[in-house]
Each structure stands twice: as C-alpha cells, then as structure tokens.
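For reference, input35.cif is printed below; it contains mmCIF, C-alpha atoms.
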data_run
#
loop_
_atom_site.group_PDB
_atom_site.id
_atom_site.type_symbol
_atom_site.label_atom_id
_atom_site.label_comp_id
_atom_site.auth_asym_id
_atom_site.auth_seq_id
_atom_site.Cartn_x
_atom_site.Cartn_y
_atom_site.Cartn_z
ATOM 1 C CA MET Y 21 15.752 -54.642 -47.696
ATOM 2 C CA ASN Y 22 12.289 -54.024 -49.113
ATOM 3 C CA TYR Y 23 9.795 -56.541 -47.843
ATOM 4 C CA VAL Y 24 6.301 -57.494 -48.918
ATOM 5 C CA LEU Y 25 4.169 -59.498 -46.509
ATOM 6 C CA ILE Y 26 1.380 -61.725 -47.815
ATOM 7 C CA THR Y 27 -0.982 -63.648 -45.564
ATOM 8 C CA ARG Y 28 -2.932 -66.452 -47.188
ATOM 9 C CA PRO Y 29 -4.858 -68.862 -45.015
ATOM 10 C CA LYS Y 30 -6.455 -71.875 -46.654
ATOM 11 C CA PHE Y 31 -9.238 -73.636 -44.793
ATOM 12 C CA ASP Y 32 -12.415 -73.285 -46.882
ATOM 13 C CA ASP Y 33 -13.479 -72.668 -50.494
ATOM 14 C CA THR Y 34 -13.099 -68.897 -50.308
ATOM 15 C CA THR Y 35 -9.636 -68.916 -48.736
ATOM 16 C CA ALA Y 36 -8.519 -71.726 -51.072
ATOM 17 C CA TYR Y 37 -9.296 -69.477 -54.025
ATOM 18 C CA LEU Y 38 -7.606 -66.418 -52.501
ATOM 19 C CA PHE Y 39 -4.603 -68.627 -51.687
ATOM 20 C CA SER Y 40 -4.360 -69.709 -55.309
ATOM 21 C CA TRP Y 41 -4.842 -66.182 -56.653
ATOM 22 C CA SER Y 42 -1.990 -64.966 -54.433
ATOM 23 C CA SER Y 43 0.352 -67.416 -56.115
ATOM 24 C CA LYS Y 44 0.115 -65.268 -59.253
ATOM 25 C CA ILE Y 45 1.175 -62.208 -57.253
ATOM 26 C CA ILE Y 46 4.048 -64.187 -55.731
ATOM 27 C CA ASP Y 47 5.189 -65.299 -59.199
ATOM 28 C CA PHE Y 48 5.259 -61.659 -60.269
ATOM 29 C CA LEU Y 49 6.893 -60.495 -57.058
ATOM 30 C CA GLN Y 50 9.752 -62.957 -57.457
ATOM 31 C CA LYS Y 51 10.755 -61.133 -60.647
ATOM 32 C CA THR Y 52 11.153 -57.877 -58.707
ATOM 33 C CA HIS Y 53 13.683 -56.682 -56.123
ATOM 34 C CA PHE Y 54 11.215 -57.136 -53.263
ATOM 35 C CA ASN Y 55 11.669 -59.818 -50.639
ATOM 36 C CA LEU Y 56 8.606 -61.928 -49.988
ATOM 37 C CA ILE Y 57 7.397 -62.989 -46.570
ATOM 38 C CA ASP Y 58 4.698 -65.574 -47.257
ATOM 39 C CA LEU Y 59 2.635 -66.418 -44.183
ATOM 40 C CA LYS Y 60 0.565 -69.217 -45.592
ATOM 41 C CA GLU Y 61 -1.969 -71.608 -44.097
ATOM 42 C CA SER Y 62 -1.311 -72.118 -40.353
ATOM 43 C CA LYS Y 63 1.497 -69.531 -40.444
ATOM 44 C CA SER Y 64 -1.171 -66.957 -41.104
ATOM 45 C CA ASN Y 65 -1.618 -66.266 -37.394
ATOM 46 C CA ARG Y 66 -1.549 -63.165 -35.223
ATOM 47 C CA LYS Y 67 1.774 -63.895 -33.528
ATOM 48 C CA SER Y 68 3.614 -64.335 -36.837
ATOM 49 C CA VAL Y 69 2.008 -61.276 -38.414
ATOM 50 C CA GLU Y 70 2.900 -59.070 -35.462
ATOM 51 C CA SER Y 71 6.449 -60.435 -35.424
ATOM 52 C CA VAL Y 72 6.983 -59.713 -39.145
ATOM 53 C CA LEU Y 73 5.465 -56.239 -38.893
ATOM 54 C CA LEU Y 74 7.762 -55.375 -35.983
ATOM 55 C CA LYS Y 75 10.992 -57.002 -37.179
ATOM 56 C CA LYS Y 76 10.837 -56.586 -40.963
ATOM 57 C CA SER Y 77 8.567 -53.567 -41.367
ATOM 58 C CA PRO Y 78 7.297 -54.513 -44.849
ATOM 59 C CA GLU Y 79 6.385 -51.636 -47.150
ATOM 60 C CA LEU Y 80 3.399 -53.513 -48.576
ATOM 61 C CA VAL Y 81 1.093 -55.856 -46.671
ATOM 62 C CA ILE Y 82 -1.419 -57.963 -48.582
ATOM 63 C CA PHE Y 83 -4.027 -59.685 -46.439
ATOM 64 C CA ASN Y 84 -6.133 -62.491 -47.884
ATOM 65 C CA GLY Y 85 -8.914 -64.141 -45.929
ATOM 66 C CA HIS Y 86 -12.087 -63.362 -44.132
ATOM 67 C CA GLY Y 87 -12.822 -60.124 -42.369
ATOM 68 C CA THR Y 88 -15.341 -58.046 -40.544
ATOM 69 C CA SER Y 89 -15.759 -54.297 -40.305
ATOM 70 C CA SER Y 90 -13.318 -54.256 -37.379
ATOM 71 C CA THR Y 91 -11.015 -57.234 -38.020
ATOM 72 C CA ILE Y 92 -8.834 -58.974 -40.586
ATOM 73 C CA ARG Y 93 -8.708 -62.734 -40.131
ATOM 74 C CA GLY Y 94 -6.191 -65.471 -40.823
ATOM 75 C CA HIS Y 95 -5.945 -69.248 -40.430
ATOM 76 C CA ASN Y 96 -9.184 -70.707 -39.071
ATOM 77 C CA ASN Y 97 -10.497 -67.167 -38.750
ATOM 78 C CA GLU Y 98 -7.981 -66.132 -36.084
ATOM 79 C CA ILE Y 99 -7.972 -62.347 -35.741
ATOM 80 C CA LEU Y 100 -4.755 -61.001 -37.264
ATOM 81 C CA ILE Y 101 -5.455 -57.289 -37.031
ATOM 82 C CA ASP Y 102 -7.901 -55.354 -34.910
ATOM 83 C CA ALA Y 103 -7.936 -52.058 -33.045
ATOM 84 C CA LYS Y 104 -5.394 -53.351 -30.498
ATOM 85 C CA ASN Y 105 -2.546 -53.940 -32.968
ATOM 86 C CA SER Y 106 -3.534 -51.868 -36.003
ATOM 87 C CA HIS Y 107 -0.826 -49.307 -35.088
ATOM 88 C CA LEU Y 108 1.712 -51.848 -36.404
ATOM 89 C CA LEU Y 109 0.505 -50.991 -39.915
ATOM 90 C CA LYS Y 110 1.483 -47.349 -39.615
ATOM 91 C CA LEU Y 111 3.288 -45.877 -42.664
ATOM 92 C CA LYS Y 112 2.592 -48.961 -44.808
ATOM 93 C CA ILE Y 113 0.494 -49.686 -47.866
ATOM 94 C CA ILE Y 114 -2.154 -52.243 -46.942
ATOM 95 C CA TYR Y 115 -4.290 -54.174 -49.391
ATOM 96 C CA SER Y 116 -6.941 -56.223 -47.642
ATOM 97 C CA VAL Y 117 -8.735 -58.800 -49.773
ATOM 98 C CA SER Y 118 -11.210 -59.533 -47.027
ATOM 99 C CA CYS Y 119 -14.837 -58.620 -46.581
ATOM 100 C CA ASN Y 120 -15.902 -55.430 -44.867
ATOM 101 C CA SER Y 121 -12.481 -54.542 -43.444
ATOM 102 C CA ALA Y 122 -12.426 -51.119 -45.101
ATOM 103 C CA LYS Y 123 -15.641 -50.126 -43.369
ATOM 104 C CA THR Y 124 -14.337 -49.345 -39.874
ATOM 105 C CA LEU Y 125 -10.849 -50.829 -39.446
ATOM 106 C CA GLY Y 126 -9.584 -49.373 -42.722
ATOM 107 C CA VAL Y 127 -10.852 -45.925 -41.795
ATOM 108 C CA LYS Y 128 -9.049 -46.184 -38.449
ATOM 109 C CA ILE Y 129 -5.764 -47.315 -40.012
ATOM 110 C CA ALA Y 130 -5.662 -44.909 -42.944
ATOM 111 C CA GLU Y 131 -4.049 -41.525 -42.411
ATOM 112 C CA ASP Y 132 -1.733 -39.055 -44.142
ATOM 113 C CA TYR Y 133 1.173 -41.495 -44.509
ATOM 114 C CA THR Y 134 -0.656 -44.826 -44.355
ATOM 115 C CA THR Y 135 -2.808 -46.288 -47.110
ATOM 116 C CA PHE Y 136 -5.575 -48.829 -46.759
ATOM 117 C CA ILE Y 137 -7.226 -50.362 -49.793
ATOM 118 C CA GLY Y 138 -10.003 -52.846 -49.238
ATOM 119 C CA TYR Y 139 -13.656 -53.713 -49.487
ATOM 120 C CA LYS Y 140 -16.318 -51.887 -47.505
ATOM 121 C CA ASN Y 141 -18.821 -54.724 -47.917
ATOM 122 C CA GLU Y 142 -18.737 -58.462 -48.641
ATOM 123 C CA PHE Y 143 -16.275 -59.423 -51.399
ATOM 124 C CA LEU Y 144 -18.237 -61.631 -53.786
ATOM 125 C CA PHE Y 145 -16.993 -63.989 -56.456
ATOM 126 C CA LEU Y 146 -18.243 -66.943 -58.428
ATOM 127 C CA ILE Y 147 -16.829 -70.450 -58.526
ATOM 128 C CA ASP Y 148 -17.198 -73.180 -61.103
ATOM 129 C CA THR Y 149 -17.847 -76.209 -58.885
ATOM 130 C CA THR Y 150 -16.334 -78.518 -61.490
ATOM 131 C CA LYS Y 151 -13.015 -76.635 -61.091
ATOM 132 C CA SER Y 152 -12.997 -75.887 -57.381
ATOM 133 C CA CYS Y 153 -10.146 -78.347 -56.766
ATOM 134 C CA THR Y 154 -7.987 -76.385 -59.218
ATOM 135 C CA PRO Y 155 -8.875 -72.704 -58.669
ATOM 136 C CA GLU Y 156 -6.132 -71.569 -61.040
ATOM 137 C CA LYS Y 157 -8.019 -73.264 -63.906
ATOM 138 C CA ASP Y 158 -11.424 -71.828 -62.997
ATOM 139 C CA GLU Y 159 -12.460 -69.538 -65.871
ATOM 140 C CA ILE Y 160 -15.590 -68.401 -64.006
ATOM 141 C CA ALA Y 161 -13.443 -67.066 -61.145
ATOM 142 C CA LYS Y 162 -10.779 -65.612 -63.454
ATOM 143 C CA PRO Y 163 -12.338 -62.117 -63.828
ATOM 144 C CA PHE Y 164 -12.390 -61.759 -60.039
ATOM 145 C CA MET Y 165 -8.837 -63.021 -59.668
ATOM 146 C CA GLU Y 166 -7.429 -60.744 -62.338
ATOM 147 C CA SER Y 167 -9.298 -57.709 -61.030
ATOM 148 C CA SER Y 168 -8.309 -58.350 -57.429
ATOM 149 C CA ASN Y 169 -4.669 -59.077 -58.290
ATOM 150 C CA GLN Y 170 -4.322 -55.965 -60.438
ATOM 151 C CA LEU Y 171 -3.886 -53.765 -57.366
ATOM 152 C CA SER Y 172 -0.824 -55.660 -56.140
ATOM 153 C CA ILE Y 173 0.668 -56.022 -59.615
ATOM 154 C CA SER Y 174 0.380 -52.286 -60.319
ATOM 155 C CA LEU Y 175 1.931 -51.425 -56.960
ATOM 156 C CA LEU Y 176 4.810 -53.840 -57.570
ATOM 157 C CA LYS Y 177 5.376 -52.153 -60.923
ATOM 158 C CA GLY Y 178 6.031 -48.943 -58.988
ATOM 159 C CA LYS Y 179 2.784 -47.150 -59.652
ATOM 160 C CA THR Y 180 1.267 -44.891 -57.011
ATOM 161 C CA VAL Y 181 -1.567 -46.125 -54.870
ATOM 162 C CA ARG Y 182 -4.008 -43.901 -56.744
ATOM 163 C CA GLU Y 183 -2.811 -45.211 -60.134
ATOM 164 C CA SER Y 184 -2.971 -48.811 -58.901
ATOM 165 C CA TYR Y 185 -6.472 -48.288 -57.562
ATOM 166 C CA GLU Y 186 -7.587 -46.830 -60.885
ATOM 167 C CA ASP Y 187 -5.927 -49.723 -62.779
ATOM 168 C CA THR Y 188 -7.922 -52.111 -60.630
ATOM 169 C CA LYS Y 189 -11.226 -50.329 -61.200
ATOM 170 C CA ARG Y 190 -10.401 -50.355 -64.925
ATOM 171 C CA LYS Y 191 -9.695 -54.087 -64.841
ATOM 172 C CA TYR Y 192 -13.104 -54.685 -63.238
ATOM 173 C CA THR Y 193 -14.684 -52.538 -65.942
ATOM 174 C CA ASP Y 194 -12.824 -54.372 -68.721
ATOM 175 C CA TRP Y 195 -14.225 -57.686 -67.511
ATOM 176 C CA ILE Y 196 -17.719 -56.208 -67.105
ATOM 177 C CA ILE Y 197 -17.570 -54.979 -70.701
ATOM 178 C CA HIS Y 198 -16.243 -58.357 -71.846
ATOM 179 C CA TYR Y 199 -19.225 -60.185 -70.386
ATOM 180 C CA ALA Y 200 -21.686 -57.474 -71.448
ATOM 181 C CA ALA Y 201 -20.479 -58.059 -75.004
ATOM 182 C CA ASN Y 202 -20.941 -61.802 -74.504
ATOM 183 C CA GLU Y 203 -24.234 -61.732 -72.657
ATOM 184 C CA SER Y 204 -25.467 -64.855 -74.410
ATOM 185 C CA LEU Y 205 -23.112 -66.835 -72.160
ATOM 186 C CA PRO Y 206 -25.238 -68.370 -69.384
ATOM 187 C CA GLU Y 207 -22.866 -67.112 -66.673
ATOM 188 C CA ALA Y 208 -22.530 -63.553 -68.043
ATOM 189 C CA SER Y 209 -25.255 -61.819 -66.051
ATOM 190 C CA SER Y 210 -24.206 -63.420 -62.743
ATOM 191 C CA ILE Y 211 -20.569 -62.508 -63.265
ATOM 192 C CA ILE Y 212 -21.377 -58.912 -64.240
ATOM 193 C CA SER Y 213 -23.564 -58.350 -61.192
ATOM 194 C CA CYS Y 214 -20.828 -59.568 -58.808
ATOM 195 C CA LEU Y 215 -18.103 -57.586 -60.594
ATOM 196 C CA ILE Y 216 -20.132 -54.377 -60.365
ATOM 197 C CA TRP Y 217 -20.668 -55.032 -56.661
ATOM 198 C CA ASP Y 218 -16.957 -55.573 -55.965
ATOM 199 C CA ARG Y 219 -15.893 -52.611 -58.095
ATOM 200 C CA GLU Y 220 -18.240 -50.306 -56.199
ATOM 201 C CA ASN Y 221 -17.131 -51.605 -52.809
ATOM 202 C CA LEU Y 222 -13.375 -51.332 -53.357
ATOM 203 C CA VAL Y 223 -12.187 -48.199 -51.583
ATOM 204 C CA LEU Y 224 -8.923 -46.309 -51.240
ATOM 205 C CA LEU Y 225 -8.352 -44.661 -47.872
ATOM 206 C CA GLY Y 226 -5.500 -42.474 -46.653
ATOM 207 C CA SER Y 227 -2.426 -41.438 -48.606
ATOM 208 C CA GLU Y 228 -2.986 -41.715 -52.368
ATOM 209 C CA ASP Y 229 0.403 -40.703 -53.738
ATOM 210 C CA LYS Y 230 2.542 -43.322 -51.976
ATOM 211 C CA SER Y 231 4.376 -45.909 -54.054
ATOM 212 C CA LEU Y 232 6.783 -48.754 -53.331
ATOM 213 C CA MET K 22 -39.386 -56.347 -45.155
ATOM 214 C CA VAL K 23 -38.427 -56.495 -48.809
ATOM 215 C CA ASP K 24 -41.119 -55.870 -51.388
ATOM 216 C CA GLU K 25 -42.402 -59.236 -52.703
ATOM 217 C CA GLU K 26 -42.099 -58.049 -56.299
ATOM 218 C CA ILE K 27 -38.430 -57.234 -55.775
ATOM 219 C CA LYS K 28 -37.814 -60.631 -54.208
ATOM 220 C CA GLU K 29 -39.534 -62.290 -57.145
ATOM 221 C CA LEU K 30 -37.406 -60.294 -59.584
ATOM 222 C CA VAL K 31 -34.200 -61.305 -57.803
ATOM 223 C CA ILE K 32 -35.254 -64.960 -57.655
ATOM 224 C CA THR K 33 -36.055 -64.919 -61.373
ATOM 225 C CA ARG K 34 -32.591 -63.574 -62.070
ATOM 226 C CA LEU K 35 -30.953 -66.152 -59.790
ATOM 227 C CA LYS K 36 -32.749 -68.949 -61.654
ATOM 228 C CA THR K 37 -30.738 -68.034 -64.766
ATOM 229 C CA MET K 38 -27.486 -68.825 -62.942
ATOM 230 C CA PRO K 39 -25.906 -72.048 -64.304
ATOM 231 C CA ALA K 40 -26.176 -74.999 -61.914
ATOM 232 C CA ASN K 41 -22.396 -75.541 -61.786
ATOM 233 C CA ILE K 42 -21.751 -72.073 -60.345
ATOM 234 C CA LYS K 43 -21.552 -71.198 -56.668
ATOM 235 C CA MET K 44 -21.207 -67.777 -55.100
ATOM 236 C CA SER K 45 -18.594 -67.055 -52.440
ATOM 237 C CA VAL K 46 -20.126 -64.669 -49.933
ATOM 238 C CA GLY K 47 -17.179 -63.979 -47.644
ATOM 239 C CA SER K 48 -17.321 -65.603 -44.244
ATOM 240 C CA TYR K 49 -20.911 -66.735 -44.841
ATOM 241 C CA GLY K 50 -19.540 -69.445 -47.143
ATOM 242 C CA THR K 51 -20.280 -70.544 -50.688
ATOM 243 C CA PHE K 52 -23.834 -70.918 -51.961
ATOM 244 C CA SER K 53 -25.449 -72.771 -54.841
ATOM 245 C CA LYS K 54 -28.211 -71.243 -56.928
ATOM 246 C CA ASN K 55 -30.905 -72.997 -54.897
ATOM 247 C CA GLU K 56 -29.318 -71.978 -51.607
ATOM 248 C CA LEU K 57 -29.218 -68.347 -52.759
ATOM 249 C CA ILE K 58 -32.869 -68.510 -53.779
ATOM 250 C CA GLU K 59 -33.784 -69.945 -50.363
ATOM 251 C CA SER K 60 -31.803 -67.172 -48.660
ATOM 252 C CA VAL K 61 -33.702 -64.540 -50.634
ATOM 253 C CA LYS K 62 -37.027 -66.153 -49.745
ATOM 254 C CA LYS K 63 -36.077 -66.193 -46.050
ATOM 255 C CA GLU K 64 -34.609 -62.689 -46.208
ATOM 256 C CA ASN K 65 -31.645 -63.757 -44.090
ATOM 257 C CA GLU K 66 -28.340 -61.855 -44.151
ATOM 258 C CA VAL K 67 -27.123 -63.541 -47.330
ATOM 259 C CA GLY K 68 -30.516 -63.079 -48.969
ATOM 260 C CA LYS K 69 -30.574 -59.355 -48.172
ATOM 261 C CA LEU K 70 -27.064 -58.993 -49.542
ATOM 262 C CA VAL K 71 -27.976 -60.767 -52.783
ATOM 263 C CA ILE K 72 -31.056 -58.547 -53.165
ATOM 264 C CA GLU K 73 -28.945 -55.438 -52.624
ATOM 265 C CA MET K 74 -26.338 -56.685 -55.108
ATOM 266 C CA GLN K 75 -28.924 -57.476 -57.785
ATOM 267 C CA LEU K 76 -30.632 -54.102 -57.335
ATOM 268 C CA LYS K 77 -27.283 -52.369 -57.702
ATOM 269 C CA TYR K 78 -26.769 -54.302 -60.946
ATOM 270 C CA LEU K 79 -30.168 -53.272 -62.308
ATOM 271 C CA LYS K 80 -29.691 -49.646 -61.256
ATOM 272 C CA SER K 81 -26.297 -49.578 -62.952
ATOM 273 C CA PHE K 82 -28.038 -49.923 -66.321
ATOM 274 C CA LYS K 83 -30.259 -46.946 -65.544
ATOM 275 C CA LYS K 84 -27.284 -44.863 -64.412
ATOM 276 C CA GLY K 85 -25.168 -46.051 -67.330
ATOM 277 C CA ILE K 86 -22.243 -46.940 -65.040
ATOM 278 C CA ILE K 87 -21.534 -50.326 -66.571
#
Would you write out, as structure tokens, the structure that this file holds?
Amino acid sequence: MNYVLITRPKFDDTTAYLFSWSSKIIDFLQKTHFNLIDLKESKSNRKSVESVLLKKSPELVIFNGHGTSSTIRGHNNEILIDAKNSHLLKLKIIYSVSCNSAKTLGVKIAEDYTTFIGYKNEFLFLIDTTKSCTPEKDEIAKPFMESSNQLSISLLKGKTVRESYEDTKRKYTDWIIHYAANESLPEASSIISCLIWDRENLVLLGSEDKSL
Amino acid sequence: MVDEEIKELVITRLKTMPANIKMSVGSYGTFSKNELIESVKKENEVGKLVIEMQLKYLKSFKKGII
C-alpha cells in the first residue's frame, strides 16, 4: 500500500487557510492509487504522527501549520517533528508548508535518499478579510494556494522531486507575471512582493531524483 | 537600525495595500495594513521581515528576476 500522510491543524487564520488549501490536494489524491492518512485538527498531534510514520511508512508526508527553524508544529502549535524524532522521516519525501522549517530541521533531515522541500524563512500570504470565513473562495489568497499546492500535485502525478520543485517555482512565476501584467489592480503590488518572497524561500534539500 | 528613508519607502508602499487585505506572517499571526505599518515603525520582528521582503521586491526589478 502506498500511503500519503497530510497533517492539517486548524486553530487560527493561517492554519484555517492551509487546511482549506489541503482539501484541494486531497481531492486530487483521491483520484490516484495512493491511500490518504489525513491527520486533521486535533488529530494533528505528535503521538499520531509518530504512530503513522512507524506503522504505515508513508512515501510522501505533507505538513501544514506553523514551524520554526528546528520544529514542525501541529494542533495548537504542538511540536510534531524535531531533532528527537526526525529520523522517522528517513527515506521519505517531505513537503513542509510551515515557516522556517527548511532552515535547520530540513537540512538535518535531508540526505541522499530523503528529500525535504520547505521554506527557509516565514511563509507569507495575503488574505481578503471579507472572505476569510470561506478561504476556498478567497481570490486574493488563490495565487499562494495554487503555487503552494503545485508541489504536491506534481509529485502525485509521478514527477520527480526536482521536476515538481521546478513546476512550483514556475507556478509562482506565472502568478507574478499575471499580476505584473495587471498592476493597475490595487492588490497587485502587495501580492507580487509576497509571491517573490515565497518563491525565493522555497528550497529543495536532499535527493532530487526521487518520485512516488 | 534601519535607515529612515528605507522605512519611509516601505511604509509608503504598505499604504497602497487595500484595506480589506491582511498579511499572514506565519506564527506571528495576521496583520492589517495599519498593523504592518506600526510594526515597520517600531522595527519589531514583523516590521524587519516586511522591510526585508519589500527590499527584495524592489531589488528583483533591478536584477530582472520577476
């Protein structure tokens, strides 16, 4: 059985958006042969993550939530992964949509047969406050959602990590060009500046030729 | 200390942000335009990050990496 683990806490604006964005990945995943393990909201805790990593050994692990340079966090900011249990991610492809986690933790995890993709600084995105109750309808956040989700979608299509990473960078660039061509929109400049920031801070560490 | 002219430049750019938009800055939370401007004025962690982000944006034009 080929498993994909997704963690998606939901306890503030940022995690509520990441939670919603992940639903799009789940919709796509359910059309593939992969089996989903969805640790959502309070299930996004250290004990459950460790149990799934040990018992199911998912090929792909997608973390959503907050992070620091040395931790990936879950529900109510509980530490899911740190130096003490990061060995459980050995041989897997890890995509961490959480701030800073690629800076130190990602470097530690990544090696010849393990891949870590994540952000080496804060992950920034913009929210339309009139749509924050329905993140999936937020057009201001859409460029960030589509760019962030591209990595998982490309991997699930069977592309290599390197190809998926390049697809994602390209998706960021496509949206930057879109708003550069529509710079009269009042939100254009703000969106472009955040997209450039995220694109520059997304890094690929470890094995680049792995695929699912 | 951040150069006052740079802070002023960043604040001017932030003022163009529509009032209905907030920025998610990871675990720091979400910030309105006015809150971001205050952070830049105070040069706190969020303010420094926003300054760095805006400078990267402006430099990207010069480097032609957009």
**Answer key for the PyMOL selection byres ((chain K) within 9 of (chain Y)), residues as a PyMOL selection string** = chain K and resi 34-35+37-48+50-51+70+74-75+77-79+81+87
**Request:** Using the chain letters and residue numbers of this document, give as a PyMOL selection string the residues selected by the PyMOL selection byres ((chain K and resi 53-66) around 6).
**Result:** chain K and resi 32+43+52+67-69
**Asked** Written as number ranges by chain, which residues does the PyMOL selection byres ((chain Y and resi 229) around 12) give for the file shown?
**Response** Y: 113, 132-135, 175, 178-185, 224-228, 230-232
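Taking atom CA of Y:Tyr23 and atom CA of Y:Phe54 as the two end points, the separation is 5.6 Å.
Going from atom CA of Y:Lys128 over to atom CA of Y:Asn221, you cover 17.3 Å.
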Output stretch 25-38 of chain K as a PDB file, in the frame of the given file, making sure N, CA and C atoms are there.
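Generated file (selection-v5.pdb):
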ATOM      1  N   GLU K  25     -42.296 -57.900 -52.090  1.00  0.00           N
ATOM      2  CA  GLU K  25     -42.402 -59.236 -52.703  1.00  0.00           C
ATOM      3  C   GLU K  25     -42.056 -59.219 -54.185  1.00  0.00           C
ATOM      4  N   GLU K  26     -42.400 -58.130 -54.862  1.00  0.00           N
ATOM      5  CA  GLU K  26     -42.099 -58.049 -56.299  1.00  0.00           C
ATOM      6  C   GLU K  26     -40.588 -57.998 -56.534  1.00  0.00           C
ATOM      7  N   ILE K  27     -39.895 -57.305 -55.643  1.00  0.00           N
ATOM      8  CA  ILE K  27     -38.430 -57.234 -55.775  1.00  0.00           C
ATOM      9  C   ILE K  27     -37.825 -58.610 -55.519  1.00  0.00           C
ATOM     10  N   LYS K  28     -38.319 -59.285 -54.486  1.00  0.00           N
ATOM     11  CA  LYS K  28     -37.814 -60.631 -54.208  1.00  0.00           C
ATOM     12  C   LYS K  28     -38.034 -61.555 -55.401  1.00  0.00           C
ATOM     13  N   GLU K  29     -39.198 -61.446 -55.995  1.00  0.00           N
ATOM     14  CA  GLU K  29     -39.534 -62.290 -57.145  1.00  0.00           C
ATOM     15  C   GLU K  29     -38.599 -61.995 -58.318  1.00  0.00           C
ATOM     16  N   LEU K  30     -38.319 -60.712 -58.509  1.00  0.00           N
ATOM     17  CA  LEU K  30     -37.406 -60.294 -59.584  1.00  0.00           C
ATOM     18  C   LEU K  30     -36.011 -60.887 -59.360  1.00  0.00           C
ATOM     19  N   VAL K  31     -35.541 -60.787 -58.126  1.00  0.00           N
ATOM     20  CA  VAL K  31     -34.200 -61.305 -57.803  1.00  0.00           C
ATOM     21  C   VAL K  31     -34.159 -62.823 -57.976  1.00  0.00           C
ATOM     22  N   ILE K  32     -35.202 -63.492 -57.524  1.00  0.00           N
ATOM     23  CA  ILE K  32     -35.254 -64.960 -57.655  1.00  0.00           C
ATOM     24  C   ILE K  32     -35.270 -65.362 -59.128  1.00  0.00           C
ATOM     25  N   THR K  33     -36.013 -64.630 -59.928  1.00  0.00           N
ATOM     26  CA  THR K  33     -36.055 -64.919 -61.373  1.00  0.00           C
ATOM     27  C   THR K  33     -34.668 -64.778 -61.980  1.00  0.00           C
ATOM     28  N   ARG K  34     -33.951 -63.760 -61.548  1.00  0.00           N
ATOM     29  CA  ARG K  34     -32.591 -63.574 -62.070  1.00  0.00           C
ATOM     30  C   ARG K  34     -31.661 -64.697 -61.581  1.00  0.00           C
ATOM     31  N   LEU K  35     -31.812 -65.083 -60.325  1.00  0.00           N
ATOM     32  CA  LEU K  35     -30.953 -66.152 -59.790  1.00  0.00           C
ATOM     33  C   LEU K  35     -31.198 -67.480 -60.512  1.00  0.00           C
ATOM     34  N   LYS K  36     -32.431 -67.686 -60.967  1.00  0.00           N
ATOM     35  CA  LYS K  36     -32.749 -68.949 -61.654  1.00  0.00           C
ATOM     36  C   LYS K  36     -31.976 -69.094 -62.961  1.00  0.00           C
ATOM     37  N   THR K  37     -31.496 -67.969 -63.499  1.00  0.00           N
ATOM     38  CA  THR K  37     -30.738 -68.034 -64.766  1.00  0.00           C
ATOM     39  C   THR K  37     -29.274 -68.435 -64.530  1.00  0.00           C
ATOM     40  N   MET K  38     -28.880 -68.472 -63.274  1.00  0.00           N
ATOM     41  CA  MET K  38     -27.486 -68.825 -62.942  1.00  0.00           C
ATOM     42  C   MET K  38     -27.249 -70.306 -63.259  1.00  0.00           C
TER      43      MET K  38
END
